[in-house]
Amino acid sequence: MLRPTKRPLSDTLRQLIGQPADAIDTPALVVDLDAMQRNLNRMAEFAKKHDIRWRPHAKMHKSSAIARLQMHAGAAGICVQKTAEAEAMAAGGLKDIFISNEVIAPAKLARVARLAHRLAAEDGQLAIAVDSREGISRLGHAMNEARRSSGKAAVIDVFVEIDVGSGRCGVAPGRSAVELVHEIRRHPALRFMGLQAYHGRAQHVRSAQERRDIIAQAARDAAFTRKLIQDEGVAVSLVTGAGTGSMVCEAASGVYGELQVGSFLFMDADYAQNERDPAQPQFEHALFVKTQVISSGLAHAVCDAGHKSHAIDSGLPKVHRPEGAAELEYANGGDEHGILRPVGGGPVPAIGDILWLVPGHCDPTVNLHDHILGVKGGLQHGHVDRVIRVDARGALT
């Protein structure tokens with residue numbers, strides 16, 4: 001199996017542990033461990049209250065250490081989107097992994113099959129999503145080849161993905177999904193488990209009522225498809241999907257049995273723009289880019305965190321505003337710089353000032369960094385408690 005290459009921790013990073021947060025050089029990706037733990041606790045309490053499984057998406061944090069924390073808190077397993085992410089998580093000790101995406105290339109499917117056999121030998125389980133006969137046939141072939149070479153008969157769990165509104169992968173709800181279920185059941189190494197019904201577009205619909213309406217239709221589509229499959233005499237063990245933006249809707253639907261939440265753990269600036277559903281836990285920002293002012297003029301200042309330190313696909317970062325601090329706006333300064341302007345006539349930051357940015361989108365921001373520095377005791381007066389490896393950084397295949 002391909003394993004991720006782990007760079008050894010530098011002496012500089014090791015020596016940071018126990019030091020005040022002020023000692024962190026800039027720019028750096030930092031997680032407020034106390035805020036992260038509160039988010040984790042709230043998610044676990046929500047799932048318990050609603051008697052629903054949760055399988056957080058590790059594509060968000062790409063860290064096996066964080067994934068293990070989530071499992072310890074009660075997660076049913078983890079989701080990933082890429083074969084290489086699954087391999088990185090398995091190498092980090094995770095044993096219940098769902099590749100919630102289609103894999104088609106024979107070379108990748110050979111890796112999937114080898115990983116399925118390895119996890120089975122460790123009393124673990126691999127699952128994967130499919131949305132085509134071709135994908136099912138290729139997966140079945142790869143599993144059979146792995147069986148022949150290993151001499152063992154592992155089984156991979158398979159979910160049929162239906163398109164409930166994302167307009168991405170997935171077959172149309174209804175008979176098309178039923179046909180794929182029958183195709184899966186033709187392959188001894190494949191075990192049909194249920195439906196993948198994730199509505200990605202709904203996650204960032206700003207209105208809580210609109211999100212409820214969208215997911216209500218997604219749940220109807222999933223329930224309709226599930227009934228057609230059951231009418232064929234085939235059990236549907238699970239309907240899985242949901243995300244941080246819509247999780248309360250799927251949890252209340254009576255159709256979904258598992259939530260694939262991810263961003264709740266860190267919460268980015270884009271999610272903060274959503275109108276919060278009253279039923280949703282109050283998740284807080286936990287992921288920040290620490291930056292320092294390196295130039296200051298009459299009307300603006302410049303910090304050292306440009307696009308190489310944070311993703312901009314969901315907008316520019318927001319400047320974290322501690323209580324009593326002036327409001328600042330972050331503007332595009334290019335790869336290495338950010339432009340800072342006071343809002344409402346406040347003071348321009350001075351050279352050397354430390355600021356904390358809330359990324360627009362946490363997932364691709366994390367993928368830009370080798371490590372996340374975990375701080376306890378708050379950003380202002382806390383200390384570096386640990387260095388968290390981004391195990392699956394660049395795991396794109």
# chains A, B, ... in the order shown; residues from 1 in each chain; ligands from 1
call {"tool": "closest_atom_pairs", "arguments": {"of": "segment 31-87 of chain A", "to": "segment 360-367 of chain A", "cutoff": "10 Å", "atoms": "only C-alpha atoms", "output": "tab-separated table"}}
result
residue	atom	partner	partner_atom	distance
A:His57	CA	A:Asp363	CA	9.9
A:Ala58	CA	A:Asp363	CA	9.3
A:Lys59	CA	A:Asp363	CA	6.7
A:Met60	CA	A:Asp363	CA	4.3
A:His61	CA	A:Val366	CA	6.3
A:Lys62	CA	A:Asn367	CA	7.5
A:Ser63	CA	A:Val366	CA	9.6
call {"tool": "closest_atom_pairs", "arguments": {"of": "segment 252-324 of chain A", "to": "segment 214-233 of chain A", "cutoff": "12 Å", "atoms": "only C-alpha atoms", "output": "CSV"}}
result
residue,atom,partner,partner_atom,distance
A:Ala252,CA,A:Ala216,CA,9.6
A:Ser253,CA,A:Ala219,CA,6.6
A:Gly254,CA,A:Ala219,CA,8.4
A:Val255,CA,A:Ala219,CA,6.2
A:Tyr256,CA,A:Ala219,CA,7.5
A:Gly257,CA,A:Ala219,CA,11.2
call {"tool": "atom_distance", "arguments": {"atom1": "atom CA of Pro106 of chain A", "atom2": "atom CA of Lys152 of chain A"}}
result
20.2 Å
call {"tool": "closest_residue", "arguments": {"among": "A:Leu373, A:Arg55, A:Thr397, A:Gly262", "to": "Arg111 of chain A", "atoms": "only C-alpha atoms"}}
result
A:Thr397
call {"tool": "atom_distance", "arguments": {"atom1": "atom CA of Ala154 of chain A", "atom2": "atom CA of Val171 of chain A"}}
result
26.8 Å
